[in-house]
Amino acid sequence: MDTQQEVLALLDELLGLGGRTAEFTRDTPLLGALPELDSMGVVALLGGLEERFGLVLADDEIEGATFATVGTLTDFVAARLAA
């Protein structure tokens with residue numbers, strides 16, 4: 001499984017980005033750069049990550065830096081999958 005591609009697909013699907021994630025790289029900023037990733041978008045994304053990847057995320061694991069870029073989000077998911 002390509003974790004970054006799965007994360008990008010989930011972002012596109014849940015935030016209604018209309019395929020814009022096809023041009024995203026690891027360095028693409030997310031939180032604060034995508035208007036769609038507001039507080040409700042973050043909640044939807046967390047639920048989507050849990051469902052798609054079979055994760056259980058505790059509130060104390062989540063911080064704003066997790067959503068800084070595609071890379072930080074992908075690394076977070078990959079670390080949780082490896083745990």
# chains A, B, ... in the order shown; residues from 1 in each chain; ligands from 1
>>> select_by_dssp(residues="stretch 13-75 of chain A", states="alpha helix (DSSP H)", output="VMD selection string")
chain A and resid 13 to 15 39 to 53 70 to 75
>>> residues_around(residues="stretch 58-64 of chain A", least_positions_apart="2", cutoff="10 Å", atoms="only C-alpha atoms", output="ChimeraX atom specification")
/A:31-32,42,46,55-56,66-68,76
>>> residues_around(residues="stretch 2-5 of chain A", least_positions_apart="3", cutoff="12 Å", atoms="only C-alpha atoms", output="list in words")
Leu8, Ala9, Leu10, Leu11, Asp12, Thr21, Ala22, Glu23, Phe24, Thr25, Arg26, Asp27, Leu49, Arg52, Phe53, Thr69, Val70, Gly71, Thr72, Leu73, Thr74, Asp75, Phe76, Val77, Ala78, Ala79, Arg80, Leu81 and Ala82 of chain A
>>> atom_distance(atom1="atom CA of A:Ala44", atom2="atom CA of A:Leu15")
8.3 Å
>>> atom_distance(atom1="atom CA of A:Gly41", atom2="atom CA of A:Leu14")
7.6 Å
>>> decode(residues="chain A", atoms="C-alpha atoms", output="compact mmCIF listing (two decimals), in the first residue's frame")
# COMPACT_ATOMS: atom_id res chain seq x y z
CA MET A 1 0.00 0.00 0.00
CA ASP A 2 1.29 3.48 -0.87
CA THR A 3 0.38 5.42 2.25
CA GLN A 4 0.82 8.84 0.67
CA GLN A 5 -1.45 7.97 -2.26
CA GLU A 6 -4.09 6.66 0.15
CA VAL A 7 -3.84 9.82 2.27
CA LEU A 8 -4.15 12.00 -0.84
CA ALA A 9 -7.16 10.02 -2.07
CA LEU A 10 -8.80 10.43 1.32
CA LEU A 11 -8.12 14.18 1.39
CA ASP A 12 -9.56 14.56 -2.09
CA GLU A 13 -12.64 12.50 -1.26
CA LEU A 14 -13.48 13.94 2.16
CA LEU A 15 -12.68 17.58 1.41
CA GLY A 16 -14.19 17.58 -2.08
CA LEU A 17 -10.99 18.79 -3.73
CA GLY A 18 -12.01 17.63 -7.19
CA GLY A 19 -8.74 15.92 -8.05
CA ARG A 20 -6.48 18.76 -6.93
CA THR A 21 -4.45 16.34 -4.82
CA ALA A 22 -2.99 14.86 -8.02
CA GLU A 23 -0.53 17.76 -8.00
CA PHE A 24 0.24 17.66 -4.26
CA THR A 25 3.72 16.70 -3.08
CA ARG A 26 5.06 15.88 0.41
CA ASP A 27 5.76 19.59 0.87
CA THR A 28 2.26 20.79 -0.03
CA PRO A 29 0.89 22.75 2.94
CA LEU A 30 -2.48 21.65 4.29
CA LEU A 31 -3.70 23.24 7.53
CA GLY A 32 -4.05 26.98 6.97
CA ALA A 33 -3.49 26.63 3.22
CA LEU A 34 -6.59 24.65 2.22
CA PRO A 35 -9.81 26.45 3.10
CA GLU A 36 -11.56 23.09 2.98
CA LEU A 37 -9.43 21.82 5.88
CA ASP A 38 -11.24 23.75 8.57
CA SER A 39 -12.23 22.37 11.97
CA MET A 40 -15.00 20.24 10.47
CA GLY A 41 -12.63 19.06 7.75
CA VAL A 42 -10.11 17.94 10.37
CA VAL A 43 -12.81 15.99 12.21
CA ALA A 44 -13.92 14.34 8.98
CA LEU A 45 -10.33 13.56 8.07
CA LEU A 46 -9.61 11.97 11.45
CA GLY A 47 -12.67 9.75 11.09
CA GLY A 48 -11.65 8.88 7.55
CA LEU A 49 -8.13 7.97 8.64
CA GLU A 50 -9.52 5.70 11.35
CA GLU A 51 -11.88 4.01 8.92
CA ARG A 52 -9.58 3.67 5.91
CA PHE A 53 -6.46 2.60 7.78
CA GLY A 54 -8.09 0.81 10.74
CA LEU A 55 -6.52 3.24 13.21
CA VAL A 56 -7.75 4.24 16.65
CA LEU A 57 -6.60 7.79 17.33
CA ALA A 58 -6.61 9.26 20.82
CA ASP A 59 -7.16 12.99 21.28
CA ASP A 60 -3.73 13.46 22.84
CA GLU A 61 -2.06 12.06 19.69
CA ILE A 62 -3.43 14.82 17.50
CA GLU A 63 -1.78 18.19 17.13
CA GLY A 64 -1.80 20.90 14.48
CA ALA A 65 1.68 19.98 13.26
CA THR A 66 0.30 16.62 12.11
CA PHE A 67 -1.70 18.46 9.44
CA ALA A 68 1.02 20.93 8.41
CA THR A 69 1.89 19.26 5.09
CA VAL A 70 1.09 16.17 3.07
CA GLY A 71 4.39 14.73 4.33
CA THR A 72 3.68 15.28 8.02
CA LEU A 73 0.24 13.73 7.68
CA THR A 74 1.59 10.78 5.69
CA ASP A 75 4.40 10.24 8.21
CA PHE A 76 1.89 10.31 11.07
CA VAL A 77 -0.27 7.66 9.40
CA ALA A 78 2.76 5.51 8.50
CA ALA A 79 4.06 5.67 12.07
CA ARG A 80 0.66 4.67 13.47
CA LEU A 81 0.42 1.78 11.00
CA ALA A 82 3.87 0.54 12.04
CA ALA A 83 3.06 0.72 15.76
